[in-house]
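Content type PDB, C-alpha atoms and all ligand atoms, from the file start14.pdb:
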```pdb
MODEL        1
ATOM      1  CA  MET H1300     -12.088  -1.212   6.271
ATOM      2  CA  PRO H1301     -10.542  -4.489   7.409
ATOM      3  CA  GLU H1302     -10.992  -4.962  11.171
ATOM      4  CA  LEU H1303      -9.648  -7.589  13.570
ATOM      5  CA  PRO H1304     -11.332 -10.622  11.912
ATOM      6  CA  GLU H1305     -10.169  -9.662   8.418
ATOM      7  CA  VAL H1306      -6.593  -8.886   9.495
ATOM      8  CA  GLU H1307      -6.483 -12.107  11.542
ATOM      9  CA  THR H1308      -7.699 -14.062   8.491
ATOM     10  CA  VAL H1309      -4.946 -12.488   6.383
ATOM     11  CA  ARG H1310      -2.410 -13.274   9.114
ATOM     12  CA  ARG H1311      -3.355 -16.932   9.360
ATOM     13  CA  GLU H1312      -3.465 -17.522   5.623
ATOM     14  CA  LEU H1313      -0.225 -15.672   4.974
ATOM     15  CA  GLU H1314       1.540 -17.643   7.667
ATOM     16  CA  GLU H1315       0.375 -20.859   5.985
ATOM     17  CA  ARG H1316       1.245 -19.727   2.489
ATOM     18  CA  VAL H1317       4.474 -17.727   2.737
ATOM     19  CA  SER H1318       6.190 -18.520   6.033
ATOM     20  CA  GLY H1319       9.705 -19.834   5.461
ATOM     21  CA  ARG H1320       9.962 -18.311   1.985
ATOM     22  CA  LYS H1321      12.825 -16.050   1.002
ATOM     23  CA  ILE H1322      12.081 -12.653  -0.534
ATOM     24  CA  GLU H1323      14.168 -12.763  -3.709
ATOM     25  CA  LYS H1324      13.092  -9.545  -5.396
ATOM     26  CA  ILE H1325      10.906  -6.521  -4.628
ATOM     27  CA  ILE H1326       9.117  -4.340  -7.170
ATOM     28  CA  VAL H1327       7.740  -1.036  -5.829
ATOM     29  CA  ASN H1328       5.116   0.539  -8.097
ATOM     30  CA  ALA H1329       3.814   3.059  -5.524
ATOM     31  CA  SER H1330       6.568   4.266  -3.200
ATOM     32  CA  ARG H1331       4.158   6.630  -1.381
ATOM     33  CA  LEU H1332       2.857   3.598   0.544
ATOM     34  CA  LEU H1333       6.251   3.270   2.240
ATOM     35  CA  ARG H1334       6.310   5.211   5.523
ATOM     36  CA  GLY H1335       9.491   6.398   7.202
ATOM     37  CA  ILE H1336      11.759   4.616   4.745
ATOM     38  CA  SER H1337      12.919   5.230   1.181
ATOM     39  CA  GLU H1338      12.178   2.773  -1.591
ATOM     40  CA  LYS H1339      15.892   2.135  -2.061
ATOM     41  CA  SER H1340      16.504   1.439   1.632
ATOM     42  CA  PHE H1341      13.408  -0.803   1.915
ATOM     43  CA  ILE H1342      14.474  -2.876  -1.080
ATOM     44  CA  SER H1343      18.086  -3.225   0.052
ATOM     45  CA  GLN H1344      17.187  -4.193   3.627
ATOM     46  CA  VAL H1345      14.408  -6.654   2.813
ATOM     47  CA  THR H1346      15.692  -8.406  -0.308
ATOM     48  CA  GLY H1347      17.370 -11.697   0.551
ATOM     49  CA  THR H1348      15.703 -12.120   3.943
ATOM     50  CA  SER H1349      13.160 -14.843   4.727
ATOM     51  CA  ILE H1350       9.672 -14.566   6.200
ATOM     52  CA  THR H1351       9.785 -16.245   9.608
ATOM     53  CA  GLY H1352       6.268 -15.539  10.824
ATOM     54  CA  VAL H1353       3.226 -13.279  10.572
ATOM     55  CA  GLN H1354       1.797 -11.468  13.607
ATOM     56  CA  ARG H1355      -1.102  -9.102  14.259
ATOM     57  CA  ALA H1356      -1.539  -6.224  16.698
ATOM     58  CA  GLY H1357      -5.076  -4.787  16.506
ATOM     59  CA  LYS H1358      -5.588  -4.049  12.810
ATOM     60  CA  LEU H1359      -1.843  -3.963  12.077
ATOM     61  CA  LEU H1360      -0.213  -6.867  10.249
ATOM     62  CA  ILE H1361       3.418  -7.678  10.962
ATOM     63  CA  ILE H1362       5.615  -9.788   8.677
ATOM     64  CA  GLU H1363       8.645 -10.950  10.662
ATOM     65  CA  LEU H1364      11.932 -11.411   8.809
ATOM     66  CA  SER H1365      15.006 -13.562   9.371
ATOM     67  CA  CYS H1366      17.177 -10.415   9.609
ATOM     68  CA  GLY H1367      15.348  -9.539  12.856
ATOM     69  CA  LYS H1368      13.366  -6.674  11.339
ATOM     70  CA  ALA H1369       9.672  -6.743  10.500
ATOM     71  CA  ILE H1370       7.511  -5.292   7.738
ATOM     72  CA  THR H1371       4.426  -3.577   9.172
ATOM     73  CA  VAL H1372       1.320  -3.340   6.999
ATOM     74  CA  HIS H1373      -1.749  -1.265   7.767
ATOM     75  CA  LEU H1374      -4.346  -2.230   5.151
ATOM     76  CA  LYS H1375      -6.503   0.867   5.867
ATOM     77  CA  MET H1376      -9.443   1.174   3.426
ATOM     78  CA  THR H1377      -8.632  -0.965   0.409
ATOM     79  CA  GLY H1378      -5.351  -2.785   1.046
ATOM     80  CA  GLN H1379      -5.024  -6.438   0.003
ATOM     81  CA  LEU H1380      -2.252  -9.008   0.343
ATOM     82  CA  VAL H1381      -2.631 -11.776  -2.205
ATOM     83  CA  TYR H1382      -0.504 -14.839  -2.874
ATOM     84  CA  PRO H1383       0.129 -15.802  -5.555
ATOM     85  CA  GLY H1384      -0.791 -12.458  -7.117
ATOM     86  CA  ASP H1385      -1.357 -11.714 -10.789
ATOM     87  CA  GLY H1386       0.281  -8.270 -10.642
ATOM     88  CA  LYS H1387      -2.664  -6.519 -12.281
ATOM     89  CA  ALA H1388      -3.320  -4.006  -9.490
ATOM     90  CA  SER H1389      -0.173  -4.428  -7.431
ATOM     91  CA  ARG H1390       1.504  -1.509  -5.673
ATOM     92  CA  VAL H1391       4.335  -3.569  -4.203
ATOM     93  CA  ARG H1392       5.365  -7.082  -5.286
ATOM     94  CA  PHE H1393       7.548  -9.547  -3.386
ATOM     95  CA  LEU H1394       8.969 -12.425  -5.461
ATOM     96  CA  LEU H1395       9.267 -15.430  -3.139
ATOM     97  CA  SER H1396      11.549 -18.440  -3.312
ATOM     98  CA  GLY H1397       9.729 -21.408  -4.785
ATOM     99  CA  GLY H1398       7.896 -19.082  -7.159
ATOM    100  CA  GLY H1399       5.020 -16.646  -7.115
ATOM    101  CA  TYR H1400       4.665 -13.042  -6.054
ATOM    102  CA  LEU H1401       3.144 -11.857  -2.808
ATOM    103  CA  ASP H1402       1.236  -8.841  -4.129
ATOM    104  CA  PHE H1403       0.232  -5.817  -2.132
ATOM    105  CA  ASN H1404      -2.757  -4.184  -3.821
ATOM    106  CA  ASP H1405      -4.381  -0.929  -2.721
ATOM    107  CA  ARG H1406      -6.861   0.813  -4.987
ATOM    108  CA  ARG H1407      -7.083   4.021  -2.936
ATOM    109  CA  LEU H1408      -3.444   4.225  -1.767
ATOM    110  CA  PHE H1409      -4.274   4.864   1.900
ATOM    111  CA  ALA H1410      -2.377   1.843   3.191
ATOM    112  CA  GLU H1411       0.933   2.151   5.008
ATOM    113  CA  ILE H1412       3.959  -0.139   4.808
ATOM    114  CA  GLY H1413       6.901   0.271   7.158
ATOM    115  CA  LEU H1414      10.060  -1.516   8.256
ATOM    116  CA  THR H1415      10.936  -1.694  11.936
ATOM    117  CA  ASP H1416      13.654  -3.152  14.169
ATOM    118  CA  ASP H1417      11.225  -3.989  16.976
ATOM    119  CA  TRP H1418       7.541  -3.929  16.086
ATOM    120  CA  ARG H1419       6.437  -4.275  19.716
ATOM    121  CA  ARG H1420       8.052  -0.910  20.462
ATOM    122  CA  ILE H1421       6.596   1.208  17.658
ATOM    123  CA  ASP H1422       4.303   4.038  18.797
ATOM    124  CA  PHE H1423       1.237   2.591  17.101
ATOM    125  CA  VAL H1424       1.563  -0.772  18.859
ATOM    126  CA  GLU H1425       2.438   0.776  22.222
ATOM    127  CA  SER H1426      -0.651   3.018  22.050
ATOM    128  CA  LEU H1427      -3.067   0.118  21.466
ATOM    129  CA  GLY H1428      -5.542  -0.932  24.120
ATOM    130  CA  PRO H1429      -5.906  -4.623  24.986
ATOM    131  CA  GLU H1430      -7.136  -7.234  22.512
ATOM    132  CA  PRO H1431     -10.823  -7.997  23.224
ATOM    133  CA  PHE H1432     -10.053 -11.681  23.926
ATOM    134  CA  ASP H1433      -7.571 -10.718  26.674
ATOM    135  CA  VAL H1434     -10.014  -8.729  28.814
ATOM    136  CA  SER H1435     -12.061 -10.211  31.679
ATOM    137  CA  PRO H1436     -15.653  -9.042  32.333
ATOM    138  CA  ALA H1437     -14.570  -7.336  35.580
ATOM    139  CA  VAL H1438     -11.726  -5.481  33.876
ATOM    140  CA  PHE H1439     -13.992  -4.451  30.989
ATOM    141  CA  HIS H1440     -16.566  -3.032  33.373
ATOM    142  CA  ALA H1441     -13.798  -1.117  35.150
ATOM    143  CA  MET H1442     -12.590   0.231  31.783
ATOM    144  CA  LEU H1443     -16.068   1.716  31.185
ATOM    145  CA  ALA H1444     -16.457   3.185  34.663
ATOM    146  CA  GLY H1445     -16.529   6.970  34.819
ATOM    147  CA  ARG H1446     -16.443   7.378  31.028
ATOM    148  CA  LYS H1447     -19.050   9.757  29.634
ATOM    149  CA  THR H1448     -18.147   8.859  26.044
ATOM    150  CA  LYS H1449     -20.859   7.088  24.119
ATOM    151  CA  ILE H1450     -20.208   3.369  24.007
ATOM    152  CA  LYS H1451     -19.983   2.957  20.238
ATOM    153  CA  PRO H1452     -17.355   5.651  19.539
ATOM    154  CA  LEU H1453     -15.436   4.335  22.560
ATOM    155  CA  LEU H1454     -15.290   0.844  21.023
ATOM    156  CA  LEU H1455     -13.768   2.387  17.870
ATOM    157  CA  ASP H1456     -11.004   4.041  19.904
ATOM    158  CA  GLN H1457      -7.963   1.796  19.311
ATOM    159  CA  THR H1458      -6.290   3.058  22.487
ATOM    160  CA  PHE H1459      -9.302   1.786  24.465
ATOM    161  CA  MET H1460      -9.470  -1.631  22.820
ATOM    162  CA  ALA H1461      -7.634  -2.913  19.749
ATOM    163  CA  GLY H1462      -9.134  -4.257  16.545
ATOM    164  CA  ILE H1463     -12.805  -3.177  16.562
ATOM    165  CA  GLY H1464     -14.070  -0.876  13.812
ATOM    166  CA  ASN H1465     -17.399   0.463  12.617
ATOM    167  CA  LEU H1466     -18.792  -2.859  11.416
ATOM    168  CA  TYR H1467     -18.064  -5.102  14.405
ATOM    169  CA  ALA H1468     -18.956  -2.371  16.919
ATOM    170  CA  ALA H1469     -22.450  -2.164  15.379
ATOM    171  CA  GLU H1470     -22.879  -5.938  15.172
ATOM    172  CA  SER H1471     -21.650  -6.538  18.727
ATOM    173  CA  LEU H1472     -23.866  -3.829  20.245
ATOM    174  CA  PHE H1473     -26.892  -5.311  18.444
ATOM    175  CA  ARG H1474     -26.105  -8.793  19.745
ATOM    176  CA  ALA H1475     -25.749  -7.415  23.274
ATOM    177  CA  GLY H1476     -28.997  -5.392  23.002
ATOM    178  CA  ILE H1477     -27.228  -2.146  23.892
ATOM    179  CA  HIS H1478     -28.009   1.206  22.283
ATOM    180  CA  PRO H1479     -24.889   2.650  20.598
ATOM    181  CA  ALA H1480     -25.436   6.121  22.089
ATOM    182  CA  ARG H1481     -25.467   4.974  25.728
ATOM    183  CA  GLU H1482     -22.842   6.606  27.919
ATOM    184  CA  ALA H1483     -20.157   3.999  28.587
ATOM    185  CA  ARG H1484     -20.383   4.564  32.352
ATOM    186  CA  SER H1485     -24.138   3.820  32.337
ATOM    187  CA  LEU H1486     -23.650   0.131  31.494
ATOM    188  CA  SER H1487     -24.329  -2.167  34.442
ATOM    189  CA  ALA H1488     -21.923  -5.007  35.243
ATOM    190  CA  GLN H1489     -24.409  -7.371  33.611
ATOM    191  CA  GLU H1490     -24.689  -5.247  30.461
ATOM    192  CA  SER H1491     -20.948  -4.785  30.102
ATOM    193  CA  GLY H1492     -20.534  -8.541  30.534
ATOM    194  CA  LEU H1493     -23.084  -9.162  27.774
ATOM    195  CA  LEU H1494     -21.296  -6.670  25.531
ATOM    196  CA  LEU H1495     -17.857  -8.174  26.074
ATOM    197  CA  ALA H1496     -19.250 -11.655  25.386
ATOM    198  CA  ALA H1497     -20.980 -10.374  22.221
ATOM    199  CA  ILE H1498     -17.762  -8.726  21.000
ATOM    200  CA  SER H1499     -15.758 -11.888  21.562
ATOM    201  CA  LYS H1500     -18.362 -14.184  19.985
ATOM    202  CA  THR H1501     -18.944 -11.901  16.980
ATOM    203  CA  LEU H1502     -15.216 -11.523  16.265
ATOM    204  CA  LYS H1503     -14.592 -15.263  16.627
ATOM    205  CA  GLU H1504     -17.507 -16.151  14.337
ATOM    206  CA  ALA H1505     -16.275 -13.611  11.801
ATOM    207  CA  ILE H1506     -12.775 -15.131  11.911
ATOM    208  CA  ARG H1507     -14.301 -18.581  11.395
ATOM    209  CA  HIS H1508     -16.005 -17.224   8.265
ATOM    210  CA  ASN H1509     -12.795 -15.508   7.097
ATOM    211  CA  GLY H1510     -14.083 -11.973   7.673
ATOM    212  CA  SER H1511     -16.563  -9.762   5.841
ATOM    213  CA  SER H1512     -15.980  -8.891   2.173
ATOM    214  CA  LEU H1513     -18.130  -5.787   1.775
ATOM    215  CA  ASP H1514     -15.846  -3.740  -0.416
ATOM    216  CA  GLN H1515     -12.237  -4.514  -1.315
ATOM    217  CA  TYR H1516     -11.257  -6.971   1.383
ATOM    218  CA  VAL H1517     -10.199 -10.413   0.139
ATOM    219  CA  ARG H1518      -8.298 -13.283   1.716
ATOM    220  CA  PRO H1519      -4.704 -13.904   0.558
ATOM    221  CA  SER H1520      -6.139 -16.717  -1.598
ATOM    222  CA  GLY H1521      -8.188 -14.055  -3.426
ATOM    223  CA  GLU H1522     -11.424 -15.537  -2.076
ATOM    224  CA  LYS H1523     -13.997 -13.446  -0.247
ATOM    225  CA  GLY H1524     -14.778 -13.567   3.455
ATOM    226  CA  ASP H1525     -18.184 -15.006   4.147
ATOM    227  CA  PHE H1526     -19.373 -13.282   7.335
ATOM    228  CA  VAL H1527     -21.471 -10.680   5.455
ATOM    229  CA  ARG H1528     -24.442 -13.060   5.415
ATOM    230  CA  PHE H1529     -24.479 -13.035   9.238
ATOM    231  CA  HIS H1530     -24.621  -9.242   9.546
ATOM    232  CA  LYS H1531     -27.732  -8.165  11.461
ATOM    233  CA  VAL H1532     -27.671  -4.354  11.293
ATOM    234  CA  TYR H1533     -24.554  -3.016   9.547
ATOM    235  CA  ALA H1534     -25.444  -1.142   6.317
ATOM    236  CA  LYS H1535     -29.041  -2.363   6.678
ATOM    237  CA  GLU H1536     -30.834   0.954   7.225
ATOM    238  CA  GLY H1537     -34.563   0.652   6.507
ATOM    239  CA  ARG H1538     -34.488  -3.158   6.523
ATOM    240  CA  ILE H1539     -36.594  -5.254   8.876
ATOM    241  CA  CYS H1540     -34.894  -6.455  12.060
ATOM    242  CA  GLY H1541     -34.745 -10.256  12.071
ATOM    243  CA  ARG H1542     -35.273 -10.351  15.818
ATOM    244  CA  CYS H1543     -38.154  -7.929  16.565
ATOM    245  CA  GLY H1544     -39.622  -7.022  13.179
ATOM    246  CA  GLY H1545     -38.857  -3.317  13.692
ATOM    247  CA  THR H1546     -36.927  -1.129  11.273
ATOM    248  CA  ILE H1547     -33.150  -0.759  11.411
ATOM    249  CA  LYS H1548     -32.008   2.848  11.726
ATOM    250  CA  ARG H1549     -28.860   4.781  10.919
ATOM    251  CA  ILE H1550     -27.618   7.670  13.041
ATOM    252  CA  SER H1551     -24.299   9.506  13.129
ATOM    253  CA  LEU H1552     -22.124   9.094  16.232
ATOM    254  CA  GLY H1553     -18.666  10.611  16.451
ATOM    255  CA  GLY H1554     -18.917  11.348  12.730
ATOM    256  CA  ARG H1555     -19.480   7.704  11.785
ATOM    257  CA  GLY H1556     -22.615   6.088  10.385
ATOM    258  CA  THR H1557     -24.082   3.875  13.094
ATOM    259  CA  TYR H1558     -26.653   1.149  12.441
ATOM    260  CA  PHE H1559     -28.885  -0.260  15.147
ATOM    261  CA  CYS H1560     -32.388  -1.528  15.941
ATOM    262  CA  PRO H1561     -34.358   0.839  18.234
ATOM    263  CA  GLY H1562     -36.607  -2.092  19.221
ATOM    264  CA  CYS H1563     -33.797  -4.415  20.320
ATOM    265  CA  GLN H1564     -31.181  -1.996  21.636
ATOM    266  CA  LYS H1565     -31.865  -0.038  24.822
TER
HETATM  267 ZN    ZN K   1     -34.934  -5.474  16.530
ENDMDL
END
```
Rewrite the coordinates I just gave you, this time as structure tokens.
Ligand SMILES: [Zn+2]
Amino acid sequence: MPELPEVETVRRELEERVSGRKIEKIIVNASRLLRGISEKSFISQVTGTSITGVQRAGKLLIIELSCGKAITVHLKMTGQLVYPGDGKASRVRFLLSGGGYLDFNDRRLFAEIGLTDDWRRIDFVESLGPEPFDVSPAVFHAMLAGRKTKIKPLLLDQTFMAGIGNLYAAESLFRAGIHPAREARSLSAQESGLLLAAISKTLKEAIRHNGSSLDQYVRPSGEKGDFVRFHKVYAKEGRICGRCGGTIKRISLGGRGTYFCPGCQK
């Protein structure tokens, strides 16, 4: 599933490619992706408006429009936004001024597209915890204090912190040398500082490499994200740890597969 680095990559590339363009026509091939709005209403409200900017809140993508409204896009498992698209797998197509379609593809149809008057006030955005880059080490340590929850499932909780999913939680915990099943409250100030720094560094490196294309995720250009080759533990069960020579393990935490190195993570 696309996480913060993938959604941020999509945001940046979309802003470059489609900002300022007018949406001249919309073709909806899968109306079930539209949430809280009918196909007819979506088409009539969005057609003729221009894209003024692209924002991100956690894993949510926000396409701001000249009419003052915004299209919200949650890519979920297999959503893609591609420009210019070829229409082969498109669920929703936006014909833009100057030519070319912005295609929304989604093989598994789990994605959600909405239209909102004020995206900062929608429940999903208001429920989000802070962005990892906005938190100081002292505040992060205070956020962990008193919490018996295991650290890895806590990092996946979007109300605790926004944007981290299964992949970057595993990679960040490995880089910080922290076992994913540790109780959050057991982390010392030094350990929580190391973890916050590892989260920030891992996410920034992943953004620099345009995210991780493991499954369906692609950049708006259609190219893949390159960060997969820097993964240390994710989906590497049974492989040799590059740091200690031990064997990478997989356990289940909070119902999610969790990869880590027992030698490196305490
Ligand atoms: Zn190791």
* If you count only C-alpha atoms, which residues fall within 7 Å of range 1449-1456 of chain H, apart from same-chain ones fewer than 4 positions away, as a PyMOL selection string? -> chain H and resi 1460+1463-1465+1468+1479-1483+1552-1553
* To do: Please write as a PyMOL selection string the full residue list that the PyMOL selection byres (((not hetatm)) within 6 of (chain K and resi 1)) yields on this file.
  => chain H and resi 1540+1542-1545+1560+1562-1563
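Comparing the minimum interatomic distances between Thr1458 in chain H and each of H:Pro1429, H:Gly1445, H:Gly1335, H:Gly1524, counting only C-alpha atoms, we find that H:Pro1429 sits nearest.
The space separating CA of Lys1358 in chain H from CA of Ala1497 in chain H comes to 19.1 Å.
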* Asked: Within 12 Å of Arg1407 in chain H, counting only C-alpha atoms, which residues qualify if same-chain residues fewer than 5 places away don't, as a ChimeraX atom specification?
  -> /H:1300,1329,1331-1332,1374-1379,1388-1390,1514-1515
I need the residues from that last selection saved to file as a PDB file, in the frame of the given file (with C-alpha atoms), if you can.
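The resulting result-v2.pdb:
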```
ATOM      1  CA  MET H1300     -12.088  -1.212   6.271  1.00  0.00           C
ATOM      2  CA  ALA H1329       3.814   3.059  -5.524  1.00  0.00           C
ATOM      3  CA  ARG H1331       4.158   6.630  -1.381  1.00  0.00           C
ATOM      4  CA  LEU H1332       2.857   3.598   0.544  1.00  0.00           C
ATOM      5  CA  LEU H1374      -4.346  -2.230   5.151  1.00  0.00           C
ATOM      6  CA  LYS H1375      -6.503   0.867   5.867  1.00  0.00           C
ATOM      7  CA  MET H1376      -9.443   1.174   3.426  1.00  0.00           C
ATOM      8  CA  THR H1377      -8.632  -0.965   0.409  1.00  0.00           C
ATOM      9  CA  GLY H1378      -5.351  -2.785   1.046  1.00  0.00           C
ATOM     10  CA  GLN H1379      -5.024  -6.438   0.003  1.00  0.00           C
ATOM     11  CA  ALA H1388      -3.320  -4.006  -9.490  1.00  0.00           C
ATOM     12  CA  SER H1389      -0.173  -4.428  -7.431  1.00  0.00           C
ATOM     13  CA  ARG H1390       1.504  -1.509  -5.673  1.00  0.00           C
ATOM     14  CA  ASP H1514     -15.846  -3.740  -0.416  1.00  0.00           C
ATOM     15  CA  GLN H1515     -12.237  -4.514  -1.315  1.00  0.00           C
TER      16      GLN H1515
END
```
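When the PyMOL selection byres (((chain H and resi 1501-1510) around 6) and not hetatm) is evaluated against the file, it yields Pro1304, Glu1305, Thr1308, Ala1497, Ile1498, Ser1499, Lys1500, Ser1511, Gly1524, Asp1525 and Phe1526 of chain H.
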* Which is closest to Leu1513 in chain H among H:Glu1312, H:Val1317, H:Pro1301, H:Glu1490, if we use all atoms listed in the file? -> H:Pro1301
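In this comparison, which uses all atoms listed in the file, the residue of H:Ile1370, H:Leu1495, H:Leu1466, H:Ala1475 approaching Lys1535 in chain H most closely is H:Leu1466.
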* Let me know the residues the PyMOL selection byres (((chain H and resi 1391-1395) around 8) and not hetatm) catches in the file above, as a PyMOL selection string. => chain H and resi 1317+1320-1329+1386+1389-1390+1396-1404
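A straight line drawn from CA of Ile1350 in chain H to CA of Leu1364 in chain H is 4.7 Å long.
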* Just the residues within 12 Å of Phe1439 in chain H, please, counting only C-alpha atoms, with nothing from its chain fewer than 2 positions along; format it as a ChimeraX atom specification. => /H:1428-1437,1441-1444,1454,1459-1460,1483-1484,1486-1496,1498
Taking all atoms of range 1359-1378 of chain H that appear in the file, build a box with edges along x, y and z, extend it by 6 Å on every side, and state its centre and edge lengths in Å to one decimal, as JSON.
```
{"center_x": 3.9, "center_y": -6.2, "center_z": 6.6, "size_x": 38.6, "size_y": 26.7, "size_z": 24.4}
```
* To do: Step by step: start from the point (-30.2, -7.0, 22.2) in the file's coordinates, keep every protein, DNA or RNA residue that has an atom no farther than 8 Å from it, count all atoms listed in the file, and write the set as JSON, numbers by chain.
  => {"H": [1472, 1473, 1474, 1475, 1476, 1477, 1563, 1564, 1565]}
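Among H:Ser1471, H:Gln1457, H:Thr1415, H:Thr1448, the residue with the shortest atom-to-atom distance to Leu1333 in chain H, counting all atoms listed in the file, is H:Thr1415.
Counting all atoms listed in the file, the residue from H:Val1527, H:Val1424, H:Ala1369, H:Val1517 that sits nearest to Glu1470 in chain H is H:Val1527.
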Need the shell around Val1309 in chain H: protein/DNA/RNA residues with any atom at most 8 Å away, counting all atoms listed in the file. Skip same-chain ones fewer than 5 positions apart. Format as a CSV table (one decimal) with C-alpha atoms, in the coordinates of the input?
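out-v2.csv was written with the following content:
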```csv
chain,number,residue,atom,x,y,z
H,1380,LEU,CA,-2.3,-9.0,0.3
H,1518,ARG,CA,-8.3,-13.3,1.7
H,1519,PRO,CA,-4.7,-13.9,0.6
```
